[in-house]
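Colleague: See my_file.cif below, with mmCIF, C-alpha atoms and all ligand atoms.
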```cif
data_coords
loop_
_atom_site.label_atom_id
_atom_site.label_comp_id
_atom_site.auth_asym_id
_atom_site.auth_seq_id
_atom_site.Cartn_x
_atom_site.Cartn_y
_atom_site.Cartn_z
CA MET A 1 94.49 38.40 -47.24
CA MET A 2 91.53 40.39 -48.41
CA SER A 3 88.83 38.64 -50.47
CA SER A 4 89.03 38.89 -54.22
CA PHE A 5 87.08 41.19 -56.53
CA PRO A 6 84.72 41.80 -58.21
CA LEU A 7 81.47 41.52 -56.30
CA THR A 8 79.00 38.91 -57.47
CA GLY A 9 75.61 37.85 -56.19
CA ALA A 10 73.33 39.37 -53.58
CA GLY A 11 74.77 41.02 -50.48
CA ILE A 12 73.34 42.90 -47.52
CA GLY A 13 73.84 46.31 -45.98
CA LEU A 14 75.76 45.78 -42.73
CA ARG A 15 74.26 47.90 -39.96
CA THR A 16 75.47 48.42 -36.39
CA PRO A 17 73.05 45.95 -34.68
CA HIS A 18 74.44 43.10 -36.80
CA VAL A 19 78.17 43.85 -36.73
CA ARG A 20 79.04 41.60 -33.81
CA GLN A 21 76.96 38.70 -35.15
CA VAL A 22 78.47 38.96 -38.63
CA ARG A 23 81.98 39.18 -37.18
CA ASP A 24 81.47 36.15 -34.94
CA GLU A 25 79.24 33.92 -37.09
CA ARG A 26 80.45 34.82 -40.59
CA PRO A 27 77.15 34.10 -42.35
CA ALA A 28 77.20 32.87 -45.93
CA VAL A 29 76.59 36.08 -47.83
CA PRO A 30 78.78 37.01 -50.81
CA TRP A 31 79.48 40.65 -49.88
CA LEU A 32 78.60 43.50 -47.58
CA GLU A 33 77.99 47.22 -47.92
CA VAL A 34 78.43 49.84 -45.20
CA HIS A 35 77.74 53.54 -44.92
CA SER A 36 81.17 55.12 -45.33
CA GLU A 37 80.60 57.97 -42.86
CA ASN A 38 80.09 55.52 -39.97
CA TYR A 39 83.77 54.59 -40.27
CA TYR A 40 85.47 57.97 -40.71
CA ALA A 41 87.10 57.92 -37.26
CA ASP A 42 90.84 57.27 -37.33
CA GLY A 43 90.60 54.19 -35.13
CA GLY A 44 88.16 52.94 -32.50
CA PRO A 45 86.10 49.75 -32.17
CA ALA A 46 83.76 50.35 -35.14
CA LEU A 47 86.62 50.66 -37.63
CA ALA A 48 88.47 47.72 -36.01
CA ALA A 49 85.35 45.53 -36.39
CA LEU A 50 84.94 46.58 -40.02
CA VAL A 51 88.57 45.80 -40.84
CA ARG A 52 88.16 42.40 -39.18
CA ILE A 53 84.99 41.68 -41.17
CA ARG A 54 86.63 42.94 -44.35
CA ALA A 55 89.15 40.11 -44.06
CA ASP A 56 86.27 37.69 -44.70
CA TYR A 57 83.99 39.57 -47.11
CA PRO A 58 84.29 41.78 -50.20
CA LEU A 59 83.02 45.24 -49.38
CA SER A 60 81.19 48.16 -50.95
CA LEU A 61 81.41 51.67 -49.43
CA HIS A 62 78.19 53.64 -49.76
CA GLY A 63 78.22 57.36 -48.91
CA VAL A 64 75.32 59.45 -47.70
CA GLY A 65 77.08 62.71 -46.87
CA MET A 66 79.04 64.02 -49.85
CA SER A 67 76.24 66.33 -51.06
CA LEU A 68 77.39 65.69 -54.60
CA GLY A 69 74.85 68.02 -56.19
CA SER A 70 75.11 70.98 -53.81
CA THR A 71 76.36 74.41 -54.87
CA ASP A 72 78.69 74.50 -51.86
CA PRO A 73 82.28 73.50 -52.68
CA LEU A 74 82.96 69.79 -52.25
CA ASP A 75 84.16 69.13 -48.71
CA ARG A 76 87.82 68.15 -49.05
CA THR A 77 87.96 66.98 -45.43
CA HIS A 78 85.09 64.58 -46.12
CA LEU A 79 86.76 63.36 -49.31
CA GLY A 80 90.05 62.89 -47.47
CA LYS A 81 88.35 60.71 -44.86
CA LEU A 82 86.74 58.66 -47.60
CA ALA A 83 90.13 58.24 -49.31
CA ARG A 84 91.65 56.99 -46.05
CA LEU A 85 88.78 54.52 -45.52
CA ILE A 86 89.24 53.27 -49.08
CA ALA A 87 92.96 52.72 -48.41
CA ARG A 88 92.13 50.82 -45.22
CA THR A 89 89.38 48.57 -46.56
CA GLU A 90 90.07 48.19 -50.31
CA PRO A 91 86.38 48.23 -51.31
CA ALA A 92 85.25 46.78 -54.63
CA LEU A 93 82.82 49.67 -55.14
CA VAL A 94 82.48 53.23 -53.86
CA SER A 95 79.13 54.95 -54.30
CA GLU A 96 77.26 58.17 -53.50
CA HIS A 97 73.79 59.55 -54.10
CA LEU A 98 72.92 61.77 -57.04
CA CYS A 99 71.46 64.42 -54.75
CA TRP A 100 72.22 67.35 -52.51
CA SER A 101 71.98 67.34 -48.74
CA GLY A 102 73.03 70.80 -47.66
CA VAL A 103 73.64 74.35 -48.84
CA GLY A 104 75.28 77.47 -47.44
CA GLY A 105 77.23 75.31 -45.01
CA ARG A 106 74.04 73.90 -43.47
CA ALA A 107 73.53 70.13 -43.51
CA LEU A 108 69.90 69.22 -44.17
CA ASN A 109 70.32 65.56 -43.30
CA ASP A 110 68.28 64.36 -46.25
CA LEU A 111 68.96 63.11 -49.77
CA LEU A 112 67.26 65.82 -51.81
CA PRO A 113 66.62 65.57 -55.56
CA LEU A 114 68.29 67.91 -58.03
CA PRO A 115 66.40 70.12 -60.44
CA TYR A 116 66.73 68.10 -63.64
CA THR A 117 68.01 70.91 -65.86
CA GLU A 118 71.01 71.34 -68.19
CA GLU A 119 72.59 73.70 -65.66
CA ALA A 120 72.31 71.17 -62.81
CA LEU A 121 73.55 68.41 -65.10
CA ALA A 122 76.71 70.33 -66.02
CA HIS A 123 77.22 71.23 -62.36
CA VAL A 124 76.87 67.71 -60.98
CA CYS A 125 78.97 66.18 -63.79
CA ALA A 126 81.85 68.54 -62.93
CA ARG A 127 81.53 67.47 -59.28
CA VAL A 128 81.47 63.74 -60.11
CA ALA A 129 84.61 64.27 -62.22
CA GLU A 130 86.24 66.16 -59.34
CA VAL A 131 85.49 63.33 -56.90
CA GLN A 132 86.76 60.66 -59.31
CA ASP A 133 89.97 62.68 -59.84
CA PHE A 134 90.42 63.16 -56.10
CA LEU A 135 89.90 59.48 -55.27
CA GLY A 136 91.70 58.21 -58.36
CA ARG A 137 88.91 55.73 -59.02
CA GLU A 138 85.50 55.28 -60.49
CA LEU A 139 82.48 56.42 -58.51
CA LEU A 140 78.99 54.91 -58.65
CA VAL A 141 76.10 57.37 -58.40
CA GLU A 142 72.68 56.29 -57.13
CA ASN A 143 69.27 57.52 -58.27
CA VAL A 144 67.31 58.86 -55.29
CA SER A 145 63.64 58.70 -54.31
CA SER A 146 61.62 61.92 -54.35
CA TYR A 147 58.19 63.26 -53.47
CA LEU A 148 58.21 66.58 -55.31
CA ALA A 149 59.69 67.71 -58.62
CA PHE A 150 61.07 71.13 -59.60
CA ALA A 151 58.71 73.14 -61.80
CA ASP A 152 61.56 74.22 -64.09
CA ALA A 153 62.93 70.69 -64.66
CA THR A 154 63.46 70.13 -68.39
CA ILE A 155 65.05 66.66 -68.48
CA PRO A 156 63.33 63.41 -67.47
CA GLU A 157 65.06 61.90 -64.44
CA TRP A 158 66.16 58.79 -66.35
CA GLU A 159 67.81 60.89 -69.08
CA PHE A 160 69.55 63.00 -66.46
CA VAL A 161 70.94 59.90 -64.70
CA ALA A 162 72.03 58.36 -68.01
CA ALA A 163 73.73 61.62 -69.07
CA VAL A 164 75.76 61.76 -65.85
CA THR A 165 77.31 58.37 -66.54
CA ARG A 166 77.88 59.12 -70.24
CA ARG A 167 79.57 62.46 -69.56
CA THR A 168 81.73 61.45 -66.60
CA GLY A 169 82.40 57.75 -67.12
CA CYS A 170 81.04 57.07 -63.64
CA LYS A 171 78.94 53.96 -63.06
CA LEU A 172 75.36 53.70 -61.83
CA LEU A 173 74.01 52.26 -58.64
CA CYS A 174 70.51 51.55 -59.86
CA ASP A 175 68.10 51.58 -56.93
CA VAL A 176 65.14 49.62 -58.29
CA ASN A 177 62.97 50.46 -55.28
CA ASN A 178 63.62 54.19 -55.82
CA ILE A 179 62.61 53.85 -59.48
CA HIS A 180 59.35 52.18 -58.43
CA VAL A 181 58.67 54.77 -55.70
CA ASN A 182 59.30 57.67 -58.10
CA ALA A 183 57.30 56.04 -60.92
CA VAL A 184 54.27 55.91 -58.61
CA ASN A 185 54.86 59.32 -57.01
CA HIS A 186 55.46 61.16 -60.27
CA GLY A 187 53.41 59.00 -62.64
CA PHE A 188 56.05 57.74 -65.05
CA ASP A 189 56.81 54.32 -66.53
CA ALA A 190 59.44 52.44 -64.52
CA ASP A 191 60.30 50.23 -67.51
CA ALA A 192 61.00 53.27 -69.68
CA TYR A 193 63.40 54.38 -66.94
CA LEU A 194 65.26 51.05 -67.03
CA ALA A 195 65.34 51.13 -70.83
CA ALA A 196 67.00 54.58 -70.78
CA LEU A 197 69.93 53.50 -68.59
CA PRO A 198 73.05 52.40 -70.49
CA ARG A 199 73.43 48.64 -69.97
CA ASP A 200 77.18 48.68 -69.33
CA ALA A 201 76.99 51.45 -66.74
CA VAL A 202 74.89 49.63 -64.14
CA ALA A 203 77.42 48.22 -61.68
CA GLU A 204 75.20 47.65 -58.63
CA ILE A 205 71.52 47.39 -57.79
CA HIS A 206 69.78 48.32 -54.53
CA LEU A 207 66.57 46.76 -53.24
CA ALA A 208 64.65 48.00 -50.21
CA GLY A 209 61.17 48.35 -48.80
CA PHE A 210 58.86 51.36 -48.96
CA GLN A 211 55.81 52.53 -47.05
CA ALA A 212 52.59 53.42 -48.85
CA THR A 213 50.57 56.41 -47.63
CA ASP A 214 47.32 57.86 -48.99
CA THR A 215 49.21 60.27 -51.22
CA CYS A 216 52.57 58.72 -52.10
CA LEU A 217 55.12 55.99 -51.51
CA ILE A 218 57.84 56.77 -48.96
CA ASP A 219 61.26 55.19 -49.31
CA THR A 220 61.68 54.09 -45.69
CA HIS A 221 64.17 51.20 -46.00
CA GLY A 222 62.11 49.70 -43.20
CA ALA A 223 60.17 46.86 -44.79
CA PRO A 224 60.61 43.76 -46.97
CA VAL A 225 61.05 44.32 -50.71
CA ALA A 226 57.54 44.70 -52.20
CA PRO A 227 56.22 42.22 -54.80
CA GLU A 228 56.06 44.91 -57.49
CA VAL A 229 59.70 45.82 -56.79
CA TRP A 230 60.75 42.17 -57.07
CA ALA A 231 58.94 42.09 -60.42
CA LEU A 232 60.73 45.24 -61.60
CA TYR A 233 64.02 43.78 -60.35
CA ARG A 234 63.49 40.68 -62.52
CA ARG A 235 63.04 42.95 -65.52
CA ALA A 236 66.14 44.95 -64.53
CA ILE A 237 68.22 41.76 -64.34
CA ALA A 238 66.85 40.64 -67.70
CA ARG A 239 68.12 43.94 -69.16
CA PHE A 240 71.38 44.51 -67.26
CA GLY A 241 72.55 40.96 -66.53
CA PRO A 242 73.48 39.51 -63.13
CA VAL A 243 74.48 42.81 -61.50
CA PRO A 244 75.65 42.62 -57.84
CA THR A 245 72.57 43.38 -55.75
CA LEU A 246 72.19 44.72 -52.24
CA ILE A 247 69.37 44.46 -49.70
CA GLU A 248 69.14 47.76 -47.76
CA TRP A 249 67.30 48.01 -44.45
CA ASP A 250 67.87 51.07 -42.26
CA THR A 251 64.85 51.59 -40.01
CA ASP A 252 63.08 48.99 -37.84
CA ILE A 253 66.08 46.78 -38.58
CA PRO A 254 65.01 43.10 -38.38
CA PRO A 255 67.06 40.07 -37.29
CA LEU A 256 70.02 39.30 -39.55
CA ALA A 257 68.25 36.15 -40.75
CA THR A 258 65.50 38.29 -42.33
CA LEU A 259 68.07 40.25 -44.35
CA LEU A 260 69.82 37.05 -45.40
CA ALA A 261 66.48 35.58 -46.56
CA GLU A 262 65.81 38.69 -48.70
CA ALA A 263 69.31 38.40 -50.17
CA ALA A 264 68.68 34.70 -50.90
CA THR A 265 65.56 35.67 -52.89
CA ALA A 266 67.62 38.14 -54.95
CA GLN A 267 70.31 35.49 -55.40
CA ARG A 268 67.76 33.04 -56.84
CA ILE A 269 66.63 35.67 -59.34
CA LEU A 270 70.25 36.35 -60.35
CA GLU A 271 70.88 32.65 -60.83
CA THR A 272 67.72 32.19 -62.88
CA ARG A 273 69.03 34.89 -65.17
CA ASP A 274 72.41 33.12 -65.34
CA ALA A 275 70.65 29.88 -66.28
CA LEU A 276 68.65 31.65 -69.01
CA ALA A 277 71.80 33.24 -70.42
CA ALA A 278 73.80 29.97 -70.42
FE FE A 301 69.60 52.74 -52.30
#
```
Kindly return the structure encoded in the file as structure tokens.
Ligand SMILES: [Fe+2]
Modeller:
Amino acid sequence: MMSSFPLTGAGIGLRTPHVRQVRDERPAVPWLEVHSENYYADGGPALAALVRIRADYPLSLHGVGMSLGSTDPLDRTHLGKLARLIARTEPALVSEHLCWSGVGGRALNDLLPLPYTEEALAHVCARVAEVQDFLGRELLVENVSSYLAFADATIPEWEFVAAVTRRTGCKLLCDVNNIHVNAVNHGFDADAYLAALPRDAVAEIHLAGFQATDTCLIDTHGAPVAPEVWALYRRAIARFGPVPTLIEWDTDIPPLATLLAEAATAQRILETRDALAA
């Protein structure tokens, strides 16, 4: 029997170094998220381990390779593999990044920001609708971090993100760390960003660590959540309610206990909000 939906509380991103430990020790964490593309093989030990773990935990599938905003046609082979993984694992949520990561058939292996224009908005909305039709379910789209902006952008990032959910009915994966990183890098108000997002659309939150350089903040997913991001997260929870929250850590991956401690901090914040609302 698979665990019931929907997701609640603070989960962790399950990465390869922790798979065996999670499978064997079944730590007390309410849900897990994996990168979908790591499980696209039709069989093999990685998929078998995930299916085993899925029997004990609700799951979210998070994609990094759909290139949702690209001008290349959507890759139907990629979408087909995602559909098969969804059928195998019955995830509570399926998400992708609001970005592009390749063009002209070349993969650039990065999550690149879109030009925030009406043309790009219409383009990406049509693609989100196409993916939702293909999968027969709702998609979550995630706001990405960035270090440069397009000179011909005409729409603030937060309005662009909000418009995508309004036009397509998709939900938002609100990465609070990415909002903080972009607010510092581009000089905007992170709270104005949160205020622009439709309350009902935010279905998941991401938290991660960044690295500060002399010129900008880099979204490394390789450090604890920063104090200013925890503070912004508290304000996000005050606005959006107790949204399922995920700790992401992808480089310099620490012991599992460190991730669980970060998730416990998020869980306390979620519960404080519950107590205030009661
Ligand atoms: Fe994220």
Colleague: For a quick check of understanding, using only C-alpha atoms, which of A:Arg52, A:His97, A:Ile86, A:Ala122 has the smallest distance to Leu68 in chain A?
Modeller: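 Using only C-alpha atoms, Leu68 in chain A sits closest to A:His97.
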Colleague: Throw together the list of residues within 7 Å of ligand FE 301 (chain A), counting only C-alpha atoms and all ligand atoms, and drop it here as a PyMOL selection string.
Modeller: chain A and resi 142+175+206-207+248
Colleague: Return the single residue from A:Pro45, A:Gly69, A:Gly11, A:Pro6 that is closest to Leu121 in chain A, with distances computed using all atoms listed in the file.
Modeller: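 Looking at the shortest contact to Leu121 in chain A, the residue is A:Gly69.
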Colleague: Excluding same-chain residues fewer than 6 positions from Leu112 in chain A, what lies within 10 Å of it counting all atoms listed in the file, as a list in words?
Modeller: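 Once the nearby chain positions are removed, what remains is Ser67, Gly69, Ser70, His97, Leu98, Cys99, Trp100, Ser101, Gly102, Val144, Ser145, Ser146, Tyr147 and Leu148 of chain A.
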Colleague: Could you make a table, as a tab-separated table, of the residues of range 186-246 of chain A that have an atom within 10 Å of an atom of range 168-174 of chain A, each with its nearest atom pair and distance in Å to one decimal, counting all atoms listed in the file, in chain and number order?
Modeller:
```
residue	atom	partner	partner_atom	distance
A:Leu194	CA	A:Cys174	CA	8.9
A:Leu197	CA	A:Leu172	CA	8.7
A:Pro198	CA	A:Leu172	CA	9.1
A:Arg199	CA	A:Leu172	CA	9.8
A:Asp200	CA	A:Lys171	CA	8.4
A:Ala201	CA	A:Lys171	CA	4.9
A:Val202	CA	A:Leu172	CA	4.7
A:Ala203	CA	A:Leu172	CA	5.9
A:Glu204	CA	A:Leu173	CA	4.8
A:Ile205	CA	A:Cys174	CA	4.8
A:His206	CA	A:Cys174	CA	6.3
A:Leu207	CA	A:Cys174	CA	9.1
A:Ala236	CA	A:Cys174	CA	9.2
A:Val243	CA	A:Cys174	CA	9.7
A:Pro244	CA	A:Leu173	CA	9.8
A:Thr245	CA	A:Cys174	CA	9.4
```
Colleague: Mind dumping the selected residues with C-alpha atoms as a tab-separated table (two decimals), in the frame of the given file?
Modeller:
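Saved result, out-v2.tsv, follows:
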```
chain	number	residue	atom	x	y	z
A	194	LEU	CA	65.26	51.05	-67.03
A	197	LEU	CA	69.93	53.50	-68.59
A	198	PRO	CA	73.05	52.40	-70.49
A	199	ARG	CA	73.43	48.64	-69.97
A	200	ASP	CA	77.18	48.68	-69.33
A	201	ALA	CA	76.99	51.45	-66.74
A	202	VAL	CA	74.89	49.63	-64.14
A	203	ALA	CA	77.42	48.22	-61.68
A	204	GLU	CA	75.20	47.65	-58.63
A	205	ILE	CA	71.52	47.39	-57.79
A	206	HIS	CA	69.78	48.32	-54.53
A	207	LEU	CA	66.57	46.76	-53.24
A	236	ALA	CA	66.14	44.95	-64.53
A	243	VAL	CA	74.48	42.81	-61.50
A	244	PRO	CA	75.65	42.62	-57.84
A	245	THR	CA	72.57	43.38	-55.75
```
Colleague: For a test of reading the model, state the distance in Å between CA of Ala192 in chain A and CA of Thr220 in chain A, rounded to one decimal.
Modeller: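 According to the coordinates, CA of Ala192 in chain A and CA of Thr220 in chain A are separated by 24.0 Å.
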Colleague: Rounded to one decimal, what separation in Å do you get between CA of Ala41 in chain A and CA of His221 in chain A?
Modeller: 25.4 Å
Colleague: So what do you get for CA of Leu139 in chain A versus CA of Ala238 in chain A, distance-wise?
Modeller: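 These atoms are spaced 24.0 Å apart.
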Colleague: I'd like the neighbourhood of His123 in chain A as a list of chain:residue names, where a residue qualifies if any of its atoms comes within 10 Å (using all atoms listed in the file), though same-chain residues fewer than 3 positions away should be ignored.
Modeller: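 Once the adjacent positions are removed, what remains is A:Leu68, A:Gly69, A:Ser70, A:Thr71, A:Thr117, A:Glu118, A:Glu119, A:Ala120, A:Ala126, A:Arg127, A:Val128.
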Colleague: Using only C-alpha atoms, which protein or nucleic acid residues come within 9 Å of Pro255 in chain A? Drop anything in the same chain fewer than 3 positions from it, and give the result as an MDAnalysis selection string.
Modeller: chainID A and resid 17:18 258:259
Colleague: Using only C-alpha atoms, please write the residues we just selected to a file, as a PDB file, keeping the file's coordinate frame.
Modeller:
```pdb
ATOM      1  CA  PRO A  17      73.050  45.950 -34.680  1.00  0.00           C
ATOM      2  CA  HIS A  18      74.440  43.100 -36.800  1.00  0.00           C
ATOM      3  CA  THR A 258      65.500  38.290 -42.330  1.00  0.00           C
ATOM      4  CA  LEU A 259      68.070  40.250 -44.350  1.00  0.00           C
TER       5      LEU A 259
END
```
Colleague: Taking 5 positions as the minimum chain separation for residues in the same chain, which residues sit within 12 Å of Ala48 in chain A when counting only C-alpha atoms? Answer as a PyMOL selection string.
Modeller: chain A and resi 19-20+23+39-43+53-55+85+88-89
Colleague: Which one of A:Phe240, A:Tyr233, A:Trp249, A:Phe150 sits closest to Ala266 in chain A if you count all atoms listed in the file?
Modeller: A:Tyr233
Colleague: Find the residue from A:Leu246, A:Cys125, A:Ala196, A:Val181 that sits nearest to Thr215 in chain A; use only C-alpha atoms when measuring.
Modeller: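 Under the stated criterion, the closest residue is A:Val181.
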Colleague: Identify, on the basis of all atoms listed in the file, every residue whose closest approach to Arg26 in chain A does not exceed 8 Å; exclude the query and any residue fewer than 4 positions from it along the same chain; express the result as a list in words.
Modeller: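 Non-adjacent residues within range: Gln21, Val22 and Asp56 of chain A.
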Colleague: Given only C-alpha atoms as the basis, pick out the residue of A:Gly241, A:Ala263, A:Asp75, A:Leu47 nearest to Leu32 in chain A.
Modeller: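 Checking each candidate against Leu32 in chain A, we get A:Ala263 as the closest.
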Colleague: Return the single residue from A:Trp158, A:Ala151, A:Arg234, A:Thr251 that is closest to Glu271 in chain A, with distances computed using all atoms listed in the file.
Modeller: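 Ranking A:Trp158, A:Ala151, A:Arg234, A:Thr251 by distance to Glu271 in chain A, first place goes to A:Arg234.
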